[in-house]
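Data from start08.cif: mmCIF, C-alpha atoms
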```
data_coords
loop_
_atom_site.group_PDB
_atom_site.id
_atom_site.type_symbol
_atom_site.label_atom_id
_atom_site.label_comp_id
_atom_site.auth_asym_id
_atom_site.auth_seq_id
_atom_site.Cartn_x
_atom_site.Cartn_y
_atom_site.Cartn_z
ATOM 1 C CA MET N 1 92.507 93.188 41.046
ATOM 2 C CA LYS N 2 96.016 94.227 42.014
ATOM 3 C CA ASN N 3 94.902 94.729 45.636
ATOM 4 C CA ARG N 4 93.236 91.300 45.690
ATOM 5 C CA THR N 5 96.433 89.687 44.452
ATOM 6 C CA LEU N 6 98.457 91.446 47.143
ATOM 7 C CA LEU N 7 95.919 90.412 49.784
ATOM 8 C CA ALA N 8 96.013 86.815 48.575
ATOM 9 C CA ILE N 9 99.833 86.787 48.708
ATOM 10 C CA ALA N 10 99.815 88.344 52.186
ATOM 11 C CA ALA N 11 97.216 85.852 53.423
ATOM 12 C CA SER N 12 99.225 82.952 51.966
ATOM 13 C CA LEU N 13 102.394 84.179 53.681
ATOM 14 C CA MET N 14 100.574 84.558 56.986
ATOM 15 C CA LEU N 15 99.174 81.045 56.751
ATOM 16 C CA ALA N 16 102.483 79.578 55.645
ATOM 17 C CA THR N 17 104.404 81.171 58.526
ATOM 18 C CA ALA N 18 101.737 80.825 61.204
ATOM 19 C CA GLY N 19 103.401 77.733 62.671
ATOM 20 C CA LEU N 20 106.949 79.141 62.779
ATOM 21 C CA PRO N 21 106.757 80.937 66.126
ATOM 22 C CA ALA N 22 105.393 77.778 67.705
ATOM 23 C CA LEU N 23 108.312 75.796 66.328
ATOM 24 C CA ALA N 24 110.789 78.312 67.752
ATOM 25 C CA ALA N 25 109.036 78.196 71.139
ATOM 26 C CA ASP N 26 109.316 74.395 71.160
ATOM 27 C CA ALA N 27 113.076 74.476 70.544
ATOM 28 C CA PRO N 28 115.033 73.812 73.742
ATOM 29 C CA LYS N 29 116.544 76.893 75.341
ATOM 30 C CA PRO N 30 120.318 77.083 75.713
ATOM 31 C CA ARG N 31 121.662 75.865 79.074
ATOM 32 C CA TYR N 32 122.608 79.408 80.144
ATOM 33 C CA GLU N 33 118.989 80.536 79.723
ATOM 34 C CA ARG N 34 117.557 77.408 81.364
ATOM 35 C CA ILE N 35 119.485 78.086 84.570
ATOM 36 C CA GLY N 36 118.277 81.673 84.706
ATOM 37 C CA GLY N 37 121.064 83.522 82.926
ATOM 38 C CA LEU N 38 123.468 85.693 84.866
ATOM 39 C CA LYS N 39 120.801 86.532 87.444
ATOM 40 C CA GLY N 40 120.166 82.859 88.234
ATOM 41 C CA ILE N 41 123.877 82.047 88.254
ATOM 42 C CA THR N 42 124.835 84.889 90.597
ATOM 43 C CA VAL N 43 122.031 84.113 93.052
ATOM 44 C CA VAL N 44 123.070 80.452 93.321
ATOM 45 C CA VAL N 45 126.810 81.239 93.408
ATOM 46 C CA ASP N 46 126.284 83.890 96.107
ATOM 47 C CA ASP N 47 124.495 81.353 98.309
ATOM 48 C CA PHE N 48 127.016 78.604 97.513
ATOM 49 C CA ILE N 49 130.063 80.699 98.387
ATOM 50 C CA ASP N 50 128.404 82.014 101.567
ATOM 51 C CA HIS N 51 127.988 78.423 102.752
ATOM 52 C CA LEU N 52 131.335 77.229 101.429
ATOM 53 C CA VAL N 53 133.505 79.813 103.197
ATOM 54 C CA VAL N 54 132.077 78.966 106.626
ATOM 55 C CA ASN N 55 132.033 75.193 106.146
ATOM 56 C CA LYS N 56 133.851 73.703 109.150
ATOM 57 C CA THR N 57 134.845 70.513 107.347
ATOM 58 C CA LEU N 58 136.579 72.483 104.596
ATOM 59 C CA ASN N 59 138.158 74.991 106.954
ATOM 60 C CA LYS N 60 139.790 72.191 108.981
ATOM 61 C CA ASN N 61 142.218 72.024 106.064
ATOM 62 C CA PRO N 62 144.755 74.762 106.968
ATOM 63 C CA ALA N 63 145.508 75.462 103.300
ATOM 64 C CA ILE N 64 141.820 76.016 102.470
ATOM 65 C CA ASP N 65 141.365 78.176 105.569
ATOM 66 C CA ALA N 66 144.356 80.327 104.573
ATOM 67 C CA GLY N 67 143.044 80.513 101.004
ATOM 68 C CA ARG N 68 139.726 81.868 102.272
ATOM 69 C CA LYS N 69 141.611 84.690 103.957
ATOM 70 C CA ARG N 70 143.621 85.497 100.791
ATOM 71 C CA SER N 71 140.582 85.412 98.493
ATOM 72 C CA PRO N 72 137.587 87.138 100.072
ATOM 73 C CA ALA N 73 134.069 85.864 99.371
ATOM 74 C CA PRO N 74 133.065 88.720 97.002
ATOM 75 C CA TYR N 75 136.081 87.933 94.800
ATOM 76 C CA LEU N 76 135.266 84.217 94.784
ATOM 77 C CA LYS N 77 131.641 84.960 93.929
ATOM 78 C CA PHE N 78 132.694 87.081 90.973
ATOM 79 C CA GLN N 79 135.181 84.514 89.650
ATOM 80 C CA VAL N 80 132.843 81.534 90.055
ATOM 81 C CA SER N 81 129.915 83.418 88.502
ATOM 82 C CA GLN N 82 132.037 84.343 85.478
ATOM 83 C CA LEU N 83 133.264 80.758 85.137
ATOM 84 C CA VAL N 84 129.758 79.235 85.349
ATOM 85 C CA CYS N 85 128.372 81.873 82.982
ATOM 86 C CA GLU N 86 130.984 81.068 80.340
ATOM 87 C CA ALA N 87 130.816 77.288 80.879
ATOM 88 C CA THR N 88 127.043 77.270 80.379
ATOM 89 C CA GLY N 89 127.185 79.193 77.113
ATOM 90 C CA GLY N 90 126.568 82.673 78.485
ATOM 91 C CA PRO N 91 128.203 85.891 77.310
ATOM 92 C CA CYS N 92 130.733 86.103 80.166
ATOM 93 C CA LYS N 93 134.447 85.580 79.700
ATOM 94 C CA TYR N 94 136.304 83.948 82.596
ATOM 95 C CA ILE N 95 139.766 85.484 82.835
ATOM 96 C CA GLY N 96 140.859 84.022 86.171
ATOM 97 C CA LYS N 97 143.530 81.417 86.768
ATOM 98 C CA GLY N 98 143.094 77.847 85.594
ATOM 99 C CA MET N 99 141.590 75.360 88.024
ATOM 100 C CA LYS N 100 144.849 73.535 88.654
ATOM 101 C CA GLU N 101 146.840 76.706 89.261
ATOM 102 C CA SER N 102 144.231 78.212 91.578
ATOM 103 C CA HIS N 103 143.683 75.055 93.664
ATOM 104 C CA VAL N 104 146.914 73.012 93.732
ATOM 105 C CA HIS N 105 148.246 74.757 96.853
ATOM 106 C CA LEU N 106 144.992 74.038 98.746
ATOM 107 C CA ASN N 107 145.729 70.306 99.119
ATOM 108 C CA ILE N 108 142.070 69.388 98.540
ATOM 109 C CA SER N 109 141.024 65.828 99.339
ATOM 110 C CA GLU N 110 138.366 63.624 97.782
ATOM 111 C CA GLN N 111 136.248 64.079 100.948
ATOM 112 C CA GLU N 112 136.574 67.875 100.742
ATOM 113 C CA TRP N 113 135.525 67.740 97.094
ATOM 114 C CA GLY N 114 132.451 65.784 98.181
ATOM 115 C CA THR N 115 131.691 68.388 100.850
ATOM 116 C CA MET N 116 131.951 71.162 98.258
ATOM 117 C CA ALA N 117 129.684 69.240 95.882
ATOM 118 C CA GLY N 118 127.175 68.777 98.703
ATOM 119 C CA GLU N 119 127.100 72.526 99.379
ATOM 120 C CA PHE N 120 126.635 73.206 95.667
ATOM 121 C CA LYS N 121 123.723 70.746 95.536
ATOM 122 C CA LYS N 122 122.069 72.404 98.536
ATOM 123 C CA SER N 123 122.326 75.819 96.863
ATOM 124 C CA LEU N 124 120.875 74.465 93.617
ATOM 125 C CA ASP N 125 118.029 72.863 95.576
ATOM 126 C CA ARG N 126 117.336 76.036 97.588
ATOM 127 C CA PHE N 127 116.772 77.913 94.343
ATOM 128 C CA LYS N 128 114.812 75.060 92.768
ATOM 129 C CA VAL N 129 117.163 74.458 89.846
ATOM 130 C CA PRO N 130 115.575 71.520 87.971
ATOM 131 C CA ALA N 131 117.231 68.092 88.163
ATOM 132 C CA ALA N 132 118.202 68.024 84.474
ATOM 133 C CA GLU N 133 120.028 71.350 84.747
ATOM 134 C CA GLN N 134 121.651 70.271 88.014
ATOM 135 C CA LYS N 135 123.008 67.191 86.282
ATOM 136 C CA GLU N 136 124.391 69.325 83.462
ATOM 137 C CA LEU N 137 126.063 71.663 85.960
ATOM 138 C CA PHE N 138 127.591 68.747 87.879
ATOM 139 C CA ASP N 139 128.875 67.305 84.606
ATOM 140 C CA ILE N 140 130.613 70.629 83.935
ATOM 141 C CA VAL N 141 132.008 70.872 87.467
ATOM 142 C CA GLY N 142 133.081 67.227 87.361
ATOM 143 C CA LYS N 143 135.443 67.979 84.484
ATOM 144 C CA THR N 144 137.476 70.201 86.831
ATOM 145 C CA LYS N 145 137.876 67.590 89.579
ATOM 146 C CA ALA N 146 141.195 66.184 88.366
ATOM 147 C CA ASP N 147 142.682 69.676 88.493
ATOM 148 C CA ILE N 148 141.311 70.457 91.960
ATOM 149 C CA VAL N 149 141.597 67.258 94.022
ATOM 150 C CA THR N 150 145.251 66.580 94.855
ATOM 151 C CA ARG N 151 144.962 63.882 97.523
ATOM 152 C CA PRO N 152 142.774 60.856 98.209
#
```
Have the structure of the file written as C-alpha cells, please.
Amino acid sequence: MKNRTLLAIAASLMLATAGLPALAADAPKPRYERIGGLKGITVVVDDFIDHLVVNKTLNKNPAIDAGRKRSPAPYLKFQVSQLVCEATGGPCKYIGKGMKESHVHLNISEQEWGTMAGEFKKSLDRFKVPAAEQKELFDIVGKTKADIVTRP
C-alpha cells in the first residue's frame, strides 16, 4: 500500500509538471542568445570591422583614416564585440572608453554615420540575422549616435 501511494504521488507530480518544460521552451530567449551569443556577435563584428576599415567613403575623412592607423582592426573587433555583448545582455563587460571620448576627435558626419550603419546592415544580412534582432541592434546603436556624430 505504501508503494502504491508513492507511485500515485510520483505519477501525479509527473502529470502536474509535464507541461512545464514546454512553457519554458515557449518563453522568448534573451536578446544575447537570439543573436547567437558571443560566437554570433564576434562573427558579425569581425565582418563589419573588416569592411569598415577599408571603406573609401569613411577613409576620405582624414581623422577617421588616422584613427584606423592608431587603432588596428583586431583591437576594434575586440572592443566592439565586448560592447555589443554587454549591450545585448551577455556576460561580457565593456571596459573601453565611452562613445563620446573615443569618437569626438574623428569629426564624424551624419553621412559617415549612415555609411557605417549601411556596412553594419550588410554584415547582419550576410549572416542572416533576423529582421527583429536587427531592429533591436540598430535601436541600441542608435542610442550612441549623439555621442559619435559631431557634424551635419
Residue IDs satisfying the PyMOL selection byres ((chain N and resi 38) around 12), as a compact mmCIF listing (two decimals) with C-alpha atoms, in the coordinates of the input:
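File written: out14.txt
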```
# COMPACT_ATOMS: atom_id res chain seq x y z
CA ARG N 31 121.66 75.86 79.07
CA TYR N 32 122.61 79.41 80.14
CA GLU N 33 118.99 80.54 79.72
CA ARG N 34 117.56 77.41 81.36
CA ILE N 35 119.48 78.09 84.57
CA GLY N 36 118.28 81.67 84.71
CA GLY N 37 121.06 83.52 82.93
CA LYS N 39 120.80 86.53 87.44
CA GLY N 40 120.17 82.86 88.23
CA ILE N 41 123.88 82.05 88.25
CA THR N 42 124.84 84.89 90.60
CA VAL N 43 122.03 84.11 93.05
CA VAL N 44 123.07 80.45 93.32
CA VAL N 45 126.81 81.24 93.41
CA ASP N 46 126.28 83.89 96.11
CA PHE N 78 132.69 87.08 90.97
CA VAL N 80 132.84 81.53 90.06
CA SER N 81 129.92 83.42 88.50
CA GLN N 82 132.04 84.34 85.48
CA LEU N 83 133.26 80.76 85.14
CA VAL N 84 129.76 79.24 85.35
CA CYS N 85 128.37 81.87 82.98
CA GLU N 86 130.98 81.07 80.34
CA ALA N 87 130.82 77.29 80.88
CA THR N 88 127.04 77.27 80.38
CA GLY N 89 127.18 79.19 77.11
CA GLY N 90 126.57 82.67 78.48
CA PRO N 91 128.20 85.89 77.31
CA CYS N 92 130.73 86.10 80.17
```
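Taking CA of Leu106 (chain N) and CA of Ile148 (chain N) as endpoints, the distance between them is 8.5 Å.
Rounded to one decimal, CA of Pro62 (chain N) and CA of Thr144 (chain N) lie 21.9 Å from each other.
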_Spatial neighbours of Val141 (chain N), max dist 12 Å, all atoms listed in the file, sep filter under 2 positions, as number ranges by chain_ = N: 80, 83-84, 87-88, 99, 113-114, 116-117, 120-121, 134-139, 143-148
Residues matched by the PyMOL selection byres ((chain N and resi 49) around 10) as a PDB file with C-alpha atoms, in the frame of the given file:
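Output file selection-v9.pdb is given in full below:
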```pdb
ATOM      1  CA  VAL N  44     123.070  80.452  93.321  1.00  0.00           C
ATOM      2  CA  VAL N  45     126.810  81.239  93.408  1.00  0.00           C
ATOM      3  CA  ASP N  46     126.284  83.890  96.107  1.00  0.00           C
ATOM      4  CA  ASP N  47     124.495  81.353  98.309  1.00  0.00           C
ATOM      5  CA  PHE N  48     127.016  78.604  97.513  1.00  0.00           C
ATOM      6  CA  ASP N  50     128.404  82.014 101.567  1.00  0.00           C
ATOM      7  CA  HIS N  51     127.988  78.423 102.752  1.00  0.00           C
ATOM      8  CA  LEU N  52     131.335  77.229 101.429  1.00  0.00           C
ATOM      9  CA  VAL N  53     133.505  79.813 103.197  1.00  0.00           C
ATOM     10  CA  VAL N  54     132.077  78.966 106.626  1.00  0.00           C
ATOM     11  CA  ASN N  55     132.033  75.193 106.146  1.00  0.00           C
ATOM     12  CA  ALA N  73     134.069  85.864  99.371  1.00  0.00           C
ATOM     13  CA  PRO N  74     133.065  88.720  97.002  1.00  0.00           C
ATOM     14  CA  LEU N  76     135.266  84.217  94.784  1.00  0.00           C
ATOM     15  CA  LYS N  77     131.641  84.960  93.929  1.00  0.00           C
ATOM     16  CA  VAL N  80     132.843  81.534  90.055  1.00  0.00           C
ATOM     17  CA  MET N 116     131.951  71.162  98.258  1.00  0.00           C
ATOM     18  CA  GLU N 119     127.100  72.526  99.379  1.00  0.00           C
ATOM     19  CA  PHE N 120     126.635  73.206  95.667  1.00  0.00           C
ATOM     20  CA  SER N 123     122.326  75.819  96.863  1.00  0.00           C
TER      21      SER N 123
END
```
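Each of N:Arg126, N:Lys56, N:Arg151, N:Arg68 was checked against Ile108 (chain N) using only C-alpha atoms; the smallest atom-to-atom distance is that of N:Arg151.
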*If you measure from CA of Glu112 (chain N) to CA of Phe127 (chain N), what distance in Å do you get, rounded to one decimal?*
23.1 Å
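You can rank N:Lys128, N:Asn107, N:Lys122, N:Ile95 by their closest distance to Thr150 (chain N) using only C-alpha atoms, and at the top of that list sits N:Asn107.
Using all atoms listed in the file, the shortest contact distance between Lys60 (chain N) and any of N:Gly142, N:Gly96, N:Ser109, N:Asp125 is found at N:Ser109.
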Using the partial input, fill out region 92-115 of chain N with N, CA and C atoms; write the result as a PDB file, keeping the file's coordinate frame.
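The new file rebuild_24.pdb reads:
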```pdb
ATOM      1  N   CYS N  92     129.596  85.729  79.315  1.00  0.00           N
ATOM      2  CA  CYS N  92     130.733  86.103  80.166  1.00  0.00           C
ATOM      3  C   CYS N  92     132.025  85.469  79.666  1.00  0.00           C
ATOM      4  N   LYS N  93     133.121  86.098  80.032  1.00  0.00           N
ATOM      5  CA  LYS N  93     134.447  85.580  79.700  1.00  0.00           C
ATOM      6  C   LYS N  93     135.227  85.436  80.999  1.00  0.00           C
ATOM      7  N   TYR N  94     135.515  84.207  81.396  1.00  0.00           N
ATOM      8  CA  TYR N  94     136.304  83.948  82.596  1.00  0.00           C
ATOM      9  C   TYR N  94     137.756  84.248  82.290  1.00  0.00           C
ATOM     10  N   ILE N  95     138.355  85.126  83.082  1.00  0.00           N
ATOM     11  CA  ILE N  95     139.766  85.484  82.835  1.00  0.00           C
ATOM     12  C   ILE N  95     140.636  85.162  84.049  1.00  0.00           C
ATOM     13  N   GLY N  96     140.092  84.399  84.984  1.00  0.00           N
ATOM     14  CA  GLY N  96     140.859  84.022  86.171  1.00  0.00           C
ATOM     15  C   GLY N  96     141.864  82.928  85.859  1.00  0.00           C
ATOM     16  N   LYS N  97     142.541  82.490  86.894  1.00  0.00           N
ATOM     17  CA  LYS N  97     143.530  81.417  86.768  1.00  0.00           C
ATOM     18  C   LYS N  97     142.837  80.105  86.417  1.00  0.00           C
ATOM     19  N   GLY N  98     143.606  79.181  85.878  1.00  0.00           N
ATOM     20  CA  GLY N  98     143.094  77.847  85.594  1.00  0.00           C
ATOM     21  C   GLY N  98     142.802  77.113  86.896  1.00  0.00           C
ATOM     22  N   MET N  99     141.995  76.088  86.821  1.00  0.00           N
ATOM     23  CA  MET N  99     141.590  75.360  88.024  1.00  0.00           C
ATOM     24  C   MET N  99     142.778  74.741  88.751  1.00  0.00           C
ATOM     25  N   LYS N 100     143.690  74.163  88.014  1.00  0.00           N
ATOM     26  CA  LYS N 100     144.849  73.535  88.654  1.00  0.00           C
ATOM     27  C   LYS N 100     145.688  74.581  89.381  1.00  0.00           C
ATOM     28  N   GLU N 101     146.006  75.646  88.684  1.00  0.00           N
ATOM     29  CA  GLU N 101     146.840  76.706  89.261  1.00  0.00           C
ATOM     30  C   GLU N 101     146.196  77.345  90.492  1.00  0.00           C
ATOM     31  N   SER N 102     144.889  77.529  90.460  1.00  0.00           N
ATOM     32  CA  SER N 102     144.231  78.212  91.578  1.00  0.00           C
ATOM     33  C   SER N 102     143.890  77.292  92.750  1.00  0.00           C
ATOM     34  N   HIS N 103     144.047  75.972  92.589  1.00  0.00           N
ATOM     35  CA  HIS N 103     143.683  75.055  93.664  1.00  0.00           C
ATOM     36  C   HIS N 103     144.812  74.146  94.149  1.00  0.00           C
ATOM     37  N   VAL N 104     145.883  73.996  93.402  1.00  0.00           N
ATOM     38  CA  VAL N 104     146.914  73.012  93.732  1.00  0.00           C
ATOM     39  C   VAL N 104     147.494  73.230  95.130  1.00  0.00           C
ATOM     40  N   HIS N 105     147.666  74.453  95.541  1.00  0.00           N
ATOM     41  CA  HIS N 105     148.246  74.757  96.853  1.00  0.00           C
ATOM     42  C   HIS N 105     147.264  74.530  98.012  1.00  0.00           C
ATOM     43  N   LEU N 106     146.005  74.223  97.708  1.00  0.00           N
ATOM     44  CA  LEU N 106     144.992  74.038  98.746  1.00  0.00           C
ATOM     45  C   LEU N 106     144.941  72.610  99.285  1.00  0.00           C
ATOM     46  N   ASN N 107     145.631  71.683  98.629  1.00  0.00           N
ATOM     47  CA  ASN N 107     145.729  70.306  99.119  1.00  0.00           C
ATOM     48  C   ASN N 107     144.349  69.704  99.379  1.00  0.00           C
ATOM     49  N   ILE N 108     143.466  69.821  98.399  1.00  0.00           N
ATOM     50  CA  ILE N 108     142.070  69.388  98.540  1.00  0.00           C
ATOM     51  C   ILE N 108     141.958  67.870  98.401  1.00  0.00           C
ATOM     52  N   SER N 109     141.222  67.279  99.333  1.00  0.00           N
ATOM     53  CA  SER N 109     141.024  65.828  99.339  1.00  0.00           C
ATOM     54  C   SER N 109     139.737  65.455  98.620  1.00  0.00           C
ATOM     55  N   GLU N 110     139.597  64.170  98.371  1.00  0.00           N
ATOM     56  CA  GLU N 110     138.366  63.624  97.782  1.00  0.00           C
ATOM     57  C   GLU N 110     137.169  63.938  98.684  1.00  0.00           C
ATOM     58  N   GLN N 111     137.339  63.794 100.001  1.00  0.00           N
ATOM     59  CA  GLN N 111     136.248  64.079 100.948  1.00  0.00           C
ATOM     60  C   GLN N 111     135.873  65.570 100.888  1.00  0.00           C
ATOM     61  N   GLU N 112     136.855  66.442 100.806  1.00  0.00           N
ATOM     62  CA  GLU N 112     136.574  67.875 100.742  1.00  0.00           C
ATOM     63  C   GLU N 112     135.861  68.228  99.436  1.00  0.00           C
ATOM     64  N   TRP N 113     136.239  67.553  98.361  1.00  0.00           N
ATOM     65  CA  TRP N 113     135.525  67.740  97.094  1.00  0.00           C
ATOM     66  C   TRP N 113     134.050  67.363  97.279  1.00  0.00           C
ATOM     67  N   GLY N 114     133.822  66.230  97.934  1.00  0.00           N
ATOM     68  CA  GLY N 114     132.451  65.784  98.181  1.00  0.00           C
ATOM     69  C   GLY N 114     131.664  66.778  99.039  1.00  0.00           C
ATOM     70  N   THR N 115     132.330  67.365 100.005  1.00  0.00           N
ATOM     71  CA  THR N 115     131.691  68.388 100.850  1.00  0.00           C
ATOM     72  C   THR N 115     131.312  69.596 100.001  1.00  0.00           C
TER      73      THR N 115
END
```
